[in-house]
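protein18.pdb follows; it contains PDB, C-alpha atoms.
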ATOM      1  CA  MET Y   1     -83.848 104.857 -14.540
ATOM      2  CA  SER Y   2     -86.643 107.301 -13.644
ATOM      3  CA  GLY Y   3     -87.197 109.273 -10.458
ATOM      4  CA  ARG Y   4     -88.731 112.378  -8.939
ATOM      5  CA  VAL Y   5     -86.672 115.441  -9.854
ATOM      6  CA  LEU Y   6     -86.699 119.146  -9.073
ATOM      7  CA  VAL Y   7     -85.851 121.385 -12.028
ATOM      8  CA  THR Y   8     -85.065 124.946 -10.975
ATOM      9  CA  GLY Y   9     -85.545 127.437 -13.789
ATOM     10  CA  GLY Y  10     -87.670 124.888 -15.637
ATOM     11  CA  ALA Y  11     -89.699 127.583 -17.418
ATOM     12  CA  GLY Y  12     -86.533 128.997 -18.967
ATOM     13  CA  TYR Y  13     -84.946 128.169 -22.289
ATOM     14  CA  ILE Y  14     -82.692 125.213 -21.466
ATOM     15  CA  GLY Y  15     -84.598 124.149 -18.361
ATOM     16  CA  SER Y  16     -87.911 123.781 -20.204
ATOM     17  CA  HIS Y  17     -86.388 121.694 -23.015
ATOM     18  CA  THR Y  18     -84.728 119.457 -20.434
ATOM     19  CA  ALA Y  19     -87.903 119.155 -18.344
ATOM     20  CA  GLN Y  20     -89.769 117.952 -21.440
ATOM     21  CA  GLN Y  21     -87.195 115.255 -22.139
ATOM     22  CA  LEU Y  22     -87.180 114.207 -18.488
ATOM     23  CA  ILE Y  23     -90.947 113.737 -18.629
ATOM     24  CA  ASP Y  24     -90.667 111.855 -21.920
ATOM     25  CA  ALA Y  25     -88.160 109.537 -20.204
ATOM     26  CA  GLY Y  26     -90.680 108.728 -17.455
ATOM     27  CA  ASN Y  27     -89.504 111.031 -14.670
ATOM     28  CA  ASP Y  28     -91.808 112.833 -12.238
ATOM     29  CA  VAL Y  29     -90.829 116.495 -12.657
ATOM     30  CA  VAL Y  30     -91.351 119.440 -10.313
ATOM     31  CA  ILE Y  31     -90.457 122.857 -11.752
ATOM     32  CA  LEU Y  32     -89.546 125.795  -9.531
ATOM     33  CA  ASP Y  33     -89.298 129.132 -11.349
ATOM     34  CA  ASN Y  34     -89.895 132.737 -10.308
ATOM     35  CA  LEU Y  35     -90.516 133.720 -13.964
ATOM     36  CA  SER Y  36     -88.012 136.582 -13.831
ATOM     37  CA  ASN Y  37     -86.426 135.158 -16.988
ATOM     38  CA  GLY Y  38     -88.709 132.233 -17.767
ATOM     39  CA  ASP Y  39     -92.132 132.013 -19.380
ATOM     40  CA  ARG Y  40     -94.919 129.974 -17.810
ATOM     41  CA  SER Y  41     -96.032 128.740 -21.236
ATOM     42  CA  MET Y  42     -92.618 127.105 -21.769
ATOM     43  CA  ALA Y  43     -93.027 124.735 -18.810
ATOM     44  CA  PRO Y  44     -94.107 121.379 -20.275
ATOM     45  CA  ASP Y  45     -97.424 119.716 -19.603
ATOM     46  CA  GLY Y  46     -97.015 116.863 -17.184
ATOM     47  CA  ALA Y  47     -94.760 118.757 -14.774
ATOM     48  CA  ARG Y  48     -95.893 120.165 -11.466
ATOM     49  CA  PHE Y  49     -95.198 123.894 -11.694
ATOM     50  CA  VAL Y  50     -94.401 125.961  -8.594
ATOM     51  CA  GLN Y  51     -93.900 129.693  -8.966
ATOM     52  CA  GLY Y  52     -91.464 130.817  -6.314
ATOM     53  CA  ASP Y  53     -87.949 131.922  -5.515
ATOM     54  CA  LEU Y  54     -84.888 129.899  -4.575
ATOM     55  CA  ALA Y  55     -84.330 132.291  -1.691
ATOM     56  CA  ASP Y  56     -87.581 131.025  -0.095
ATOM     57  CA  ARG Y  57     -86.140 128.369   2.200
ATOM     58  CA  GLY Y  58     -89.536 127.224   3.459
ATOM     59  CA  LEU Y  59     -90.687 126.550  -0.085
ATOM     60  CA  LEU Y  60     -87.485 124.618  -0.847
ATOM     61  CA  ASP Y  61     -87.957 122.488   2.265
ATOM     62  CA  ASP Y  62     -91.527 121.670   1.247
ATOM     63  CA  ILE Y  63     -90.515 120.608  -2.278
ATOM     64  CA  LEU Y  64     -87.397 118.668  -1.312
ATOM     65  CA  GLY Y  65     -89.178 117.050   1.624
ATOM     66  CA  SER Y  66     -91.727 115.467  -0.727
ATOM     67  CA  GLY Y  67     -89.293 112.761  -1.831
ATOM     68  CA  VAL Y  68     -87.066 114.328  -4.479
ATOM     69  CA  ASP Y  69     -84.364 112.021  -5.863
ATOM     70  CA  ALA Y  70     -82.281 114.631  -7.682
ATOM     71  CA  VAL Y  71     -82.018 118.345  -8.423
ATOM     72  CA  LEU Y  72     -81.252 119.871 -11.816
ATOM     73  CA  HIS Y  73     -80.275 123.482 -11.162
ATOM     74  CA  PHE Y  74     -80.745 125.850 -14.129
ATOM     75  CA  ALA Y  75     -82.052 128.969 -12.374
ATOM     76  CA  GLY Y  76     -79.818 132.031 -12.460
ATOM     77  CA  SER Y  77     -78.768 135.197 -14.242
ATOM     78  CA  ILE Y  78     -76.770 134.675 -17.440
ATOM     79  CA  VAL Y  79     -75.903 137.950 -19.231
ATOM     80  CA  VAL Y  80     -72.151 138.603 -19.090
ATOM     81  CA  PRO Y  81     -72.223 142.422 -19.641
ATOM     82  CA  ASP Y  82     -75.003 142.779 -17.044
ATOM     83  CA  SER Y  83     -72.848 140.937 -14.534
ATOM     84  CA  VAL Y  84     -70.044 143.447 -15.096
ATOM     85  CA  ALA Y  85     -72.465 146.271 -14.287
ATOM     86  CA  ASP Y  86     -74.140 144.473 -11.362
ATOM     87  CA  PRO Y  87     -71.689 141.981  -9.839
ATOM     88  CA  LEU Y  88     -73.376 141.836  -6.443
ATOM     89  CA  GLY Y  89     -76.710 141.009  -8.045
ATOM     90  CA  TYR Y  90     -75.095 138.099  -9.861
ATOM     91  CA  TYR Y  91     -73.345 136.795  -6.767
ATOM     92  CA  ARG Y  92     -76.641 136.960  -4.901
ATOM     93  CA  ASN Y  93     -78.790 135.306  -7.548
ATOM     94  CA  ASN Y  94     -76.274 132.736  -8.781
ATOM     95  CA  THR Y  95     -73.885 131.965  -5.953
ATOM     96  CA  LEU Y  96     -75.871 132.639  -2.778
ATOM     97  CA  ASN Y  97     -79.015 130.979  -4.098
ATOM     98  CA  THR Y  98     -76.993 127.917  -5.084
ATOM     99  CA  HIS Y  99     -75.568 127.884  -1.546
ATOM    100  CA  GLY Y 100     -79.075 127.908  -0.096
ATOM    101  CA  LEU Y 101     -80.261 125.177  -2.445
ATOM    102  CA  LEU Y 102     -77.292 122.965  -1.590
ATOM    103  CA  GLN Y 103     -77.837 123.470   2.117
ATOM    104  CA  ALA Y 104     -81.492 122.500   1.738
ATOM    105  CA  CYS Y 105     -80.515 119.406  -0.250
ATOM    106  CA  ILE Y 106     -78.083 118.239   2.427
ATOM    107  CA  GLU Y 107     -80.591 118.786   5.222
ATOM    108  CA  ARG Y 108     -83.349 116.981   3.291
ATOM    109  CA  GLY Y 109     -81.157 114.077   2.190
ATOM    110  CA  VAL Y 110     -81.146 114.835  -1.542
ATOM    111  CA  ASP Y 111     -77.763 113.555  -2.682
ATOM    112  CA  ARG Y 112     -77.808 113.892  -6.510
ATOM    113  CA  PHE Y 113     -77.259 117.296  -8.084
ATOM    114  CA  ILE Y 114     -76.773 118.475 -11.686
ATOM    115  CA  PHE Y 115     -75.466 122.008 -12.127
ATOM    116  CA  SER Y 116     -75.797 124.291 -15.124
ATOM    117  CA  SER Y 117     -72.388 125.929 -15.558
ATOM    118  CA  THR Y 118     -70.640 127.714 -18.409
ATOM    119  CA  ALA Y 119     -67.615 127.649 -20.680
ATOM    120  CA  THR Y 120     -66.883 131.215 -19.596
ATOM    121  CA  VAL Y 121     -65.231 129.790 -16.456
ATOM    122  CA  TYR Y 122     -62.184 129.169 -18.697
ATOM    123  CA  GLY Y 123     -61.781 132.915 -19.229
ATOM    124  CA  ASP Y 124     -59.725 133.981 -22.244
ATOM    125  CA  PRO Y 125     -57.877 130.746 -23.062
ATOM    126  CA  ALA Y 126     -54.525 130.639 -24.811
ATOM    127  CA  SER Y 127     -55.719 127.803 -27.036
ATOM    128  CA  THR Y 128     -58.699 125.596 -27.830
ATOM    129  CA  PRO Y 129     -60.339 123.100 -27.728
ATOM    130  CA  LEU Y 130     -60.752 123.319 -23.975
ATOM    131  CA  ARG Y 131     -60.531 120.345 -21.645
ATOM    132  CA  GLU Y 132     -62.193 120.175 -18.246
ATOM    133  CA  THR Y 133     -58.740 120.057 -16.642
ATOM    134  CA  ASP Y 134     -57.633 123.332 -18.271
ATOM    135  CA  PRO Y 135     -57.190 126.369 -15.991
ATOM    136  CA  THR Y 136     -60.325 128.244 -14.925
ATOM    137  CA  GLN Y 137     -59.703 131.978 -15.080
ATOM    138  CA  PRO Y 138     -63.049 133.775 -15.274
ATOM    139  CA  ILE Y 139     -63.009 137.379 -16.465
ATOM    140  CA  SER Y 140     -66.608 138.336 -15.626
ATOM    141  CA  PRO Y 141     -68.683 138.238 -12.434
ATOM    142  CA  TYR Y 142     -71.105 135.905 -14.225
ATOM    143  CA  ALA Y 143     -68.352 133.359 -14.860
ATOM    144  CA  THR Y 144     -66.953 133.791 -11.357
ATOM    145  CA  SER Y 145     -70.396 133.271  -9.810
ATOM    146  CA  LYS Y 146     -70.688 129.971 -11.665
ATOM    147  CA  LEU Y 147     -67.179 128.821 -10.771
ATOM    148  CA  MET Y 148     -67.782 129.619  -7.099
ATOM    149  CA  SER Y 149     -70.872 127.409  -7.279
ATOM    150  CA  GLU Y 150     -68.773 124.625  -8.802
ATOM    151  CA  TRP Y 151     -66.361 124.923  -5.894
ATOM    152  CA  MET Y 152     -69.221 124.755  -3.394
ATOM    153  CA  LEU Y 153     -70.459 121.578  -5.042
ATOM    154  CA  ARG Y 154     -66.987 120.012  -4.913
ATOM    155  CA  ASP Y 155     -66.500 120.829  -1.240
ATOM    156  CA  THR Y 156     -70.050 119.894  -0.216
ATOM    157  CA  ALA Y 157     -69.668 116.547  -1.951
ATOM    158  CA  ALA Y 158     -66.448 115.868  -0.060
ATOM    159  CA  ALA Y 159     -68.065 116.687   3.266
ATOM    160  CA  HIS Y 160     -71.499 115.124   2.846
ATOM    161  CA  GLY Y 161     -71.340 112.400   0.209
ATOM    162  CA  LEU Y 162     -73.309 114.359  -2.365
ATOM    163  CA  ARG Y 163     -72.776 113.154  -5.935
ATOM    164  CA  TYR Y 164     -72.947 115.819  -8.599
ATOM    165  CA  VAL Y 165     -72.267 116.594 -12.241
ATOM    166  CA  VAL Y 166     -71.252 120.027 -13.495
ATOM    167  CA  LEU Y 167     -72.134 120.600 -17.140
ATOM    168  CA  ARG Y 168     -70.208 123.476 -18.691
ATOM    169  CA  TYR Y 169     -72.290 124.784 -21.581
ATOM    170  CA  PHE Y 170     -70.768 126.305 -24.642
ATOM    171  CA  ASN Y 171     -73.162 128.336 -26.867
ATOM    172  CA  VAL Y 172     -76.668 126.900 -26.714
ATOM    173  CA  ALA Y 173     -78.999 127.686 -29.600
ATOM    174  CA  GLY Y 174     -81.901 126.407 -31.681
ATOM    175  CA  ALA Y 175     -85.368 125.259 -30.651
ATOM    176  CA  ASP Y 176     -87.425 122.116 -30.170
ATOM    177  CA  LEU Y 177     -87.804 120.344 -33.510
ATOM    178  CA  LYS Y 178     -91.522 119.790 -32.844
ATOM    179  CA  GLY Y 179     -92.046 123.526 -32.341
ATOM    180  CA  ARG Y 180     -93.183 123.170 -28.740
ATOM    181  CA  ARG Y 181     -90.732 125.648 -27.234
ATOM    182  CA  GLY Y 182     -87.729 127.827 -27.968
ATOM    183  CA  GLN Y 183     -85.921 130.857 -26.648
ATOM    184  CA  ALA Y 184     -88.484 133.262 -25.217
ATOM    185  CA  SER Y 185     -86.167 135.191 -22.900
ATOM    186  CA  ARG Y 186     -86.778 138.898 -22.606
ATOM    187  CA  ASN Y 187     -83.868 141.149 -23.573
ATOM    188  CA  ALA Y 188     -81.792 138.248 -24.907
ATOM    189  CA  THR Y 189     -78.183 138.888 -25.888
ATOM    190  CA  HIS Y 190     -77.402 135.656 -27.767
ATOM    191  CA  LEU Y 191     -76.265 136.088 -31.363
ATOM    192  CA  ILE Y 192     -78.722 133.714 -33.044
ATOM    193  CA  LYS Y 193     -81.684 135.004 -31.044
ATOM    194  CA  LEU Y 194     -80.809 138.601 -31.953
ATOM    195  CA  ALA Y 195     -80.318 137.680 -35.611
ATOM    196  CA  VAL Y 196     -83.724 135.998 -35.904
ATOM    197  CA  GLU Y 197     -85.288 139.058 -34.298
ATOM    198  CA  VAL Y 198     -83.835 141.087 -37.167
ATOM    199  CA  LEU Y 199     -85.235 138.594 -39.678
ATOM    200  CA  THR Y 200     -88.692 138.813 -38.085
ATOM    201  CA  GLY Y 201     -88.765 142.600 -38.054
ATOM    202  CA  GLN Y 202     -88.245 143.151 -34.345
ATOM    203  CA  ARG Y 203     -84.856 144.836 -34.834
ATOM    204  CA  ASP Y 204     -83.480 147.000 -37.606
ATOM    205  CA  ARG Y 205     -80.015 145.471 -37.693
ATOM    206  CA  LEU Y 206     -77.643 143.089 -35.950
ATOM    207  CA  SER Y 207     -74.622 144.365 -34.051
ATOM    208  CA  ILE Y 208     -71.352 142.479 -34.466
ATOM    209  CA  PHE Y 209     -69.449 143.132 -31.256
ATOM    210  CA  GLY Y 210     -65.852 143.327 -32.440
ATOM    211  CA  ASP Y 211     -64.338 142.414 -35.795
ATOM    212  CA  ASP Y 212     -60.686 142.627 -34.781
ATOM    213  CA  TYR Y 213     -60.253 139.338 -32.934
ATOM    214  CA  PRO Y 214     -57.372 137.018 -33.969
ATOM    215  CA  THR Y 215     -59.748 134.673 -35.828
ATOM    216  CA  SER Y 216     -60.275 133.733 -39.479
ATOM    217  CA  ASP Y 217     -62.564 136.712 -40.173
ATOM    218  CA  GLY Y 218     -61.968 138.893 -37.131
ATOM    219  CA  THR Y 219     -65.190 137.926 -35.345
ATOM    220  CA  GLY Y 220     -65.566 135.745 -32.263
ATOM    221  CA  VAL Y 221     -65.606 131.958 -32.536
ATOM    222  CA  ARG Y 222     -68.052 129.881 -30.499
ATOM    223  CA  ASP Y 223     -69.018 126.224 -30.229
ATOM    224  CA  TYR Y 224     -72.779 126.121 -30.910
ATOM    225  CA  ILE Y 225     -74.813 123.210 -29.513
ATOM    226  CA  HIS Y 226     -78.473 122.542 -30.279
ATOM    227  CA  VAL Y 227     -80.626 122.861 -27.174
ATOM    228  CA  THR Y 228     -82.232 119.466 -27.843
ATOM    229  CA  ASP Y 229     -78.850 117.749 -27.737
ATOM    230  CA  LEU Y 230     -77.991 119.606 -24.540
ATOM    231  CA  ALA Y 231     -81.268 118.547 -22.935
ATOM    232  CA  ASN Y 232     -80.486 114.949 -23.840
ATOM    233  CA  ALA Y 233     -77.096 115.306 -22.146
ATOM    234  CA  HIS Y 234     -78.941 116.231 -18.935
ATOM    235  CA  VAL Y 235     -81.215 113.187 -19.146
ATOM    236  CA  ARG Y 236     -78.173 110.957 -19.616
ATOM    237  CA  THR Y 237     -76.460 112.710 -16.711
ATOM    238  CA  LEU Y 238     -79.434 111.988 -14.456
ATOM    239  CA  ASP Y 239     -79.331 108.335 -15.507
ATOM    240  CA  HIS Y 240     -75.608 108.310 -14.668
ATOM    241  CA  LEU Y 241     -76.228 109.595 -11.134
ATOM    242  CA  MET Y 242     -79.296 107.429 -10.525
ATOM    243  CA  ALA Y 243     -77.213 104.374 -11.462
ATOM    244  CA  GLY Y 244     -74.599 105.300  -8.850
ATOM    245  CA  GLY Y 245     -72.182 107.126 -11.151
ATOM    246  CA  ALA Y 246     -69.396 109.272  -9.731
ATOM    247  CA  SER Y 247     -69.218 113.056  -9.642
ATOM    248  CA  GLU Y 248     -68.017 114.660 -12.872
ATOM    249  CA  VAL Y 249     -67.284 117.948 -14.612
ATOM    250  CA  MET Y 250     -68.042 117.818 -18.333
ATOM    251  CA  ASN Y 251     -68.082 120.168 -21.306
ATOM    252  CA  CYS Y 252     -71.215 120.391 -23.456
ATOM    253  CA  GLY Y 253     -70.516 121.358 -27.050
ATOM    254  CA  TYR Y 254     -69.736 119.838 -30.433
ATOM    255  CA  GLY Y 255     -65.985 120.348 -30.445
ATOM    256  CA  LYS Y 256     -65.936 122.786 -33.355
ATOM    257  CA  GLY Y 257     -66.375 126.524 -33.689
ATOM    258  CA  SER Y 258     -68.158 128.984 -35.970
ATOM    259  CA  THR Y 259     -67.444 132.696 -36.299
ATOM    260  CA  VAL Y 260     -70.130 135.338 -35.943
ATOM    261  CA  ARG Y 261     -70.024 135.953 -39.676
ATOM    262  CA  GLN Y 262     -70.384 132.229 -40.411
ATOM    263  CA  VAL Y 263     -73.496 132.091 -38.228
ATOM    264  CA  ILE Y 264     -74.925 135.113 -40.050
ATOM    265  CA  ALA Y 265     -74.198 133.481 -43.409
ATOM    266  CA  ALA Y 266     -75.999 130.293 -42.328
ATOM    267  CA  LEU Y 267     -79.063 132.275 -41.291
ATOM    268  CA  GLU Y 268     -79.037 134.252 -44.524
ATOM    269  CA  CYS Y 269     -78.934 130.980 -46.458
ATOM    270  CA  VAL Y 270     -81.855 129.519 -44.491
ATOM    271  CA  ALA Y 271     -83.947 132.709 -44.703
ATOM    272  CA  ASN Y 272     -82.881 133.539 -48.275
ATOM    273  CA  ARG Y 273     -82.356 137.194 -47.378
ATOM    274  CA  ARG Y 274     -79.625 139.468 -46.113
ATOM    275  CA  ILE Y 275     -79.284 140.484 -42.474
ATOM    276  CA  PRO Y 276     -78.346 144.167 -42.030
ATOM    277  CA  THR Y 277     -75.336 144.390 -39.706
ATOM    278  CA  GLU Y 278     -73.161 146.989 -38.023
ATOM    279  CA  VAL Y 279     -69.839 146.604 -36.261
ATOM    280  CA  ALA Y 280     -69.866 147.685 -32.620
ATOM    281  CA  PRO Y 281     -67.154 147.729 -29.937
ATOM    282  CA  ARG Y 282     -66.274 144.530 -28.129
ATOM    283  CA  ARG Y 283     -68.452 143.808 -25.095
ATOM    284  CA  PRO Y 284     -66.967 143.478 -21.607
ATOM    285  CA  GLY Y 285     -66.234 139.845 -20.810
ATOM    286  CA  ASP Y 286     -66.160 138.610 -24.417
ATOM    287  CA  VAL Y 287     -63.195 136.538 -25.643
ATOM    288  CA  ALA Y 288     -61.915 135.542 -29.082
ATOM    289  CA  GLU Y 289     -62.647 131.813 -29.081
ATOM    290  CA  LEU Y 290     -64.362 129.156 -26.978
ATOM    291  CA  VAL Y 291     -64.481 125.621 -28.351
ATOM    292  CA  ALA Y 292     -64.983 122.450 -26.306
ATOM    293  CA  ASP Y 293     -63.058 119.233 -26.068
ATOM    294  CA  VAL Y 294     -66.026 116.854 -25.689
ATOM    295  CA  SER Y 295     -64.198 113.566 -25.234
ATOM    296  CA  ARG Y 296     -65.109 113.370 -21.528
ATOM    297  CA  ILE Y 297     -68.906 113.559 -21.922
ATOM    298  CA  ARG Y 298     -68.770 111.059 -24.765
ATOM    299  CA  GLU Y 299     -66.680 108.655 -22.696
ATOM    300  CA  VAL Y 300     -68.669 108.911 -19.452
ATOM    301  CA  LEU Y 301     -72.223 109.178 -20.786
ATOM    302  CA  GLY Y 302     -71.899 107.641 -24.233
ATOM    303  CA  TRP Y 303     -73.495 110.880 -25.438
ATOM    304  CA  ARG Y 304     -73.542 111.550 -29.173
ATOM    305  CA  PRO Y 305     -75.246 114.641 -30.616
ATOM    306  CA  GLU Y 306     -78.033 114.160 -33.153
ATOM    307  CA  HIS Y 307     -78.351 117.773 -34.370
ATOM    308  CA  ASP Y 308     -74.769 118.795 -35.078
ATOM    309  CA  ASP Y 309     -75.587 121.048 -38.023
ATOM    310  CA  LEU Y 310     -75.339 124.845 -37.943
ATOM    311  CA  GLU Y 311     -78.043 125.332 -40.566
ATOM    312  CA  LEU Y 312     -80.409 123.071 -38.591
ATOM    313  CA  ILE Y 313     -79.676 125.020 -35.433
ATOM    314  CA  VAL Y 314     -80.430 128.403 -37.000
ATOM    315  CA  ARG Y 315     -83.435 127.080 -38.948
ATOM    316  CA  THR Y 316     -85.148 125.790 -35.801
ATOM    317  CA  ALA Y 317     -84.414 129.091 -34.044
ATOM    318  CA  LEU Y 318     -85.951 131.047 -36.924
ATOM    319  CA  ASP Y 319     -88.973 128.732 -37.189
ATOM    320  CA  TRP Y 320     -89.617 129.131 -33.470
ATOM    321  CA  GLU Y 321     -89.315 132.917 -33.599
ATOM    322  CA  ARG Y 322     -91.755 133.123 -36.497
ATOM    323  CA  LYS Y 323     -94.205 130.905 -34.614
ATOM    324  CA  ARG Y 324     -93.846 133.023 -31.486
ATOM    325  CA  ILE Y 325     -94.520 136.227 -33.433
ATOM    326  CA  ARG Y 326     -97.626 134.762 -35.084
ATOM    327  CA  ALA Y 327     -99.002 133.718 -31.708
ATOM    328  CA  SER Y 328     -98.444 137.100 -30.050
TER
END
Mind turning this structure into structure tokens?
Amino acid sequence: MSGRVLVTGGAGYIGSHTAQQLIDAGNDVVILDNLSNGDRSMAPDGARFVQGDLADRGLLDDILGSGVDAVLHFAGSIVVPDSVADPLGYYRNNTLNTHGLLQACIERGVDRFIFSSTATVYGDPASTPLRETDPTQPISPYATSKLMSEWMLRDTAAAHGLRYVVLRYFNVAGADLKGRRGQASRNATHLIKLAVEVLTGQRDRLSIFGDDYPTSDGTGVRDYIHVTDLANAHVRTLDHLMAGGASEVMNCGYGKGSTVRQVIAALECVANRRIPTEVAPRRPGDVAELVADVSRIREVLGWRPEHDDLELIVRTALDWERKRIRAS
């Protein structure tokens, strides 16, 4: 079921992949992005692109007043260590801007909302896999800013009849299989992105932040999901809301974890070369293990991943990075 949708942060990594799939599914897409983290070239053809800031209430009113059926909200700051150093900046950009967007939606009668959240809201869990009903105990301002936005959605829905879905991402990686887009973020901190930068000569070595975690090899365990599968989850979520579906909170992952060293080994296999590494201290806000229980998203949306393969994930990331370097 297609409609007219606003995608905030649609020139960013996940937002641009999702915007492409929304267009492919027949939706009329408007992208709002201030390009602080995004790249204009990542926004797909066929979308109306507006460069602007979520804090610009007049601009929001103009876009939402043009007949928007739903909002997919990706825009925000996402680097955990940066949030520890600049908590107020994260609360402003993530929480306050979400508040303003929600207020504009209510006043303009937009009653479907999909929110980009994070597995870090679970904090440092005692066990995994994590269910949506497990305690939320964020240990970084980034995670807290996202959880506060979840709470605002819950309370706004109760007061105004808004229907929403919160998607809690685990570790998103990889690139479009057709080579149209990938991770182009400046100053990225994601493991696979950093590793492919080493393989393409942009970095001398890869830092492993902590090798003394209580895991199989001492390095952190994460649930890696291909960005194409995650984008598809958003399209299915929009269909759910457009068909009258109820509000939900759902994990987005594969339900299995890989250690840092396992990810490095997969990349070395794909690239057929070693990645120079060094062990560095743990980063603020990092935890030992985050793995999703994905039974809820499968039950509600009928979602099944098509790219659940670590070597495929890292291969597409490396292919994209090589293409990006050649084009620069």
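Of the listed residues Y:Ala25, Y:Ala85, Y:Leu241, Y:Ala11, the one whose atoms come nearest to Arg48 in chain Y is Y:Ala11, with distances taken using only C-alpha atoms.
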Assuming the chain letters and numbering stay as they are in my file, what does the PyMOL selection byres ((chain Y and resi 321) around 12) actually select? List them as a CSV table (one decimal) with C-alpha atoms, in the frame of the given file.
chain,number,residue,atom,x,y,z
Y,174,GLY,CA,-81.9,126.4,-31.7
Y,175,ALA,CA,-85.4,125.3,-30.7
Y,176,ASP,CA,-87.4,122.1,-30.2
Y,179,GLY,CA,-92.0,123.5,-32.3
Y,180,ARG,CA,-93.2,123.2,-28.7
Y,181,ARG,CA,-90.7,125.6,-27.2
Y,182,GLY,CA,-87.7,127.8,-28.0
Y,183,GLN,CA,-85.9,130.9,-26.6
Y,184,ALA,CA,-88.5,133.3,-25.2
Y,185,SER,CA,-86.2,135.2,-22.9
Y,192,ILE,CA,-78.7,133.7,-33.0
Y,193,LYS,CA,-81.7,135.0,-31.0
Y,194,LEU,CA,-80.8,138.6,-32.0
Y,195,ALA,CA,-80.3,137.7,-35.6
Y,196,VAL,CA,-83.7,136.0,-35.9
Y,197,GLU,CA,-85.3,139.1,-34.3
Y,198,VAL,CA,-83.8,141.1,-37.2
Y,199,LEU,CA,-85.2,138.6,-39.7
Y,200,THR,CA,-88.7,138.8,-38.1
Y,201,GLY,CA,-88.8,142.6,-38.1
Y,202,GLN,CA,-88.2,143.2,-34.3
Y,314,VAL,CA,-80.4,128.4,-37.0
Y,315,ARG,CA,-83.4,127.1,-38.9
Y,316,THR,CA,-85.1,125.8,-35.8
Y,317,ALA,CA,-84.4,129.1,-34.0
Y,318,LEU,CA,-86.0,131.0,-36.9
Y,319,ASP,CA,-89.0,128.7,-37.2
Y,320,TRP,CA,-89.6,129.1,-33.5
Y,322,ARG,CA,-91.8,133.1,-36.5
Y,323,LYS,CA,-94.2,130.9,-34.6
Y,324,ARG,CA,-93.8,133.0,-31.5
Y,325,ILE,CA,-94.5,136.2,-33.4
Y,326,ARG,CA,-97.6,134.8,-35.1
Y,327,ALA,CA,-99.0,133.7,-31.7
Y,328,SER,CA,-98.4,137.1,-30.0
Once the PyMOL selection byres ((chain Y and resi 247-262) around 8) has been applied to the shown file, what residues remain in the selection, as number ranges by chain? Y: 119, 129, 131-132, 163-171, 191, 208, 215-217, 219-225, 230, 233, 241, 245-246, 263-266, 289-294, 296-297, 305, 308
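For range 187-189 of chain Y, the set of protein, DNA and RNA residues having any atom at most 12 Å away, when counting all atoms listed in the file and skipping those fewer than 5 positions along the same chain, is Gly12, Tyr13, Ser36, Asn37, Gly38, Ser77, Ile78, Val79, Val80, Pro81, Asp82, Asn171, Ala173, Leu194, Ala195, Val196, Glu197, Gln202, Arg203, Leu206, Ser207, Ile208, Phe209 and Arg283 of chain Y.
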Given the PyMOL selection byres ((chain Y and resi 143) around 8), the residues it picks as a CSV table (one decimal) with C-alpha atoms, keeping the file's coordinate frame:
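Written file, selection29.csv:
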chain,number,residue,atom,x,y,z
Y,80,VAL,CA,-72.2,138.6,-19.1
Y,118,THR,CA,-70.6,127.7,-18.4
Y,120,THR,CA,-66.9,131.2,-19.6
Y,121,VAL,CA,-65.2,129.8,-16.5
Y,123,GLY,CA,-61.8,132.9,-19.2
Y,138,PRO,CA,-63.0,133.8,-15.3
Y,139,ILE,CA,-63.0,137.4,-16.5
Y,140,SER,CA,-66.6,138.3,-15.6
Y,141,PRO,CA,-68.7,138.2,-12.4
Y,142,TYR,CA,-71.1,135.9,-14.2
Y,144,THR,CA,-67.0,133.8,-11.4
Y,145,SER,CA,-70.4,133.3,-9.8
Y,146,LYS,CA,-70.7,130.0,-11.7
Y,147,LEU,CA,-67.2,128.8,-10.8
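Counting only C-alpha atoms, the residue from Y:His240, Y:His307, Y:Arg205, Y:His234 that sits nearest to Glu278 in chain Y is Y:Arg205.
One finds CA of Asp111 in chain Y at 7.5 Å from CA of Asp69 in chain Y.
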Output, as lines of an AutoDock Vina configuration file, the centre and edge lengths in Å (one decimal) of the axis-aligned box that contains all listed atoms of range 232-243 of chain Y with 4 Å of margin on each side.
center_x = -78.4
center_y = 110.3
center_z = -17.2
size_x = 13.6
size_y = 19.9
size_z = 21.3
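Our summary of the geometry notes that CA of Gln51 in chain Y is positioned 5.9 Å from CA of Leu32 in chain Y.
Here CA of Val68 in chain Y and CA of Val7 in chain Y stand 10.4 Å from one another.
Shortest atom-to-atom contact with Val50 in chain Y among Y:His73, Y:Leu162, Y:Thr18, Y:Leu6: Y:Leu6, counting all atoms listed in the file.
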Leu101 in chain Y: which residues within 12 Å, counting all atoms listed in the file, same-chain residues fewer than 2 positions away excluded, as a PyMOL selection string? chain Y and resi 6-8+32+53-61+63-64+70-75+93-99+103-108+110-111+113-115+149+152-153+156
Let me make sure I understand: among Y:Gly244, Y:Met148, Y:Thr228, Y:Asp28, which one has the smallest atom-to-atom distance to Leu312 in chain Y if we use all atoms listed in the file? Y:Thr228
Can you work out which one of Y:Leu102, Y:Ser295, Y:Met42, Y:Leu88 has the shortest atom-to-atom distance to Asp155 in chain Y, counting all atoms listed in the file? Y:Leu102
Y:Val29, Y:Leu35, Y:Val5, Y:Ala157 ranked by distance to Met242 in chain Y, top pick (using only C-alpha atoms): Y:Val5
Neighbouring residues of Ala47 in chain Y were defined as those with any atom within 9 Å, considering all atoms listed in the file; residues of the same chain fewer than 5 positions away were excluded. Please report them as a ChimeraX atom specification. /Y:19-20,23,28-31
Write a file for range 254-260 of chain Y of the given structure; include C-alpha atoms and format it as a tab-separated table (two decimals), in the first residue's frame.
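Okay, this is what ended up in out-v3.tsv:
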chain	number	residue	atom	x	y	z
Y	254	TYR	CA	19.44	-11.65	12.75
Y	255	GLY	CA	19.37	-13.20	16.21
Y	256	LYS	CA	23.01	-14.28	16.22
Y	257	GLY	CA	26.27	-12.59	17.12
Y	258	SER	CA	29.80	-12.31	15.75
Y	259	THR	CA	32.88	-11.17	17.65
Y	260	VAL	CA	35.15	-8.41	16.41
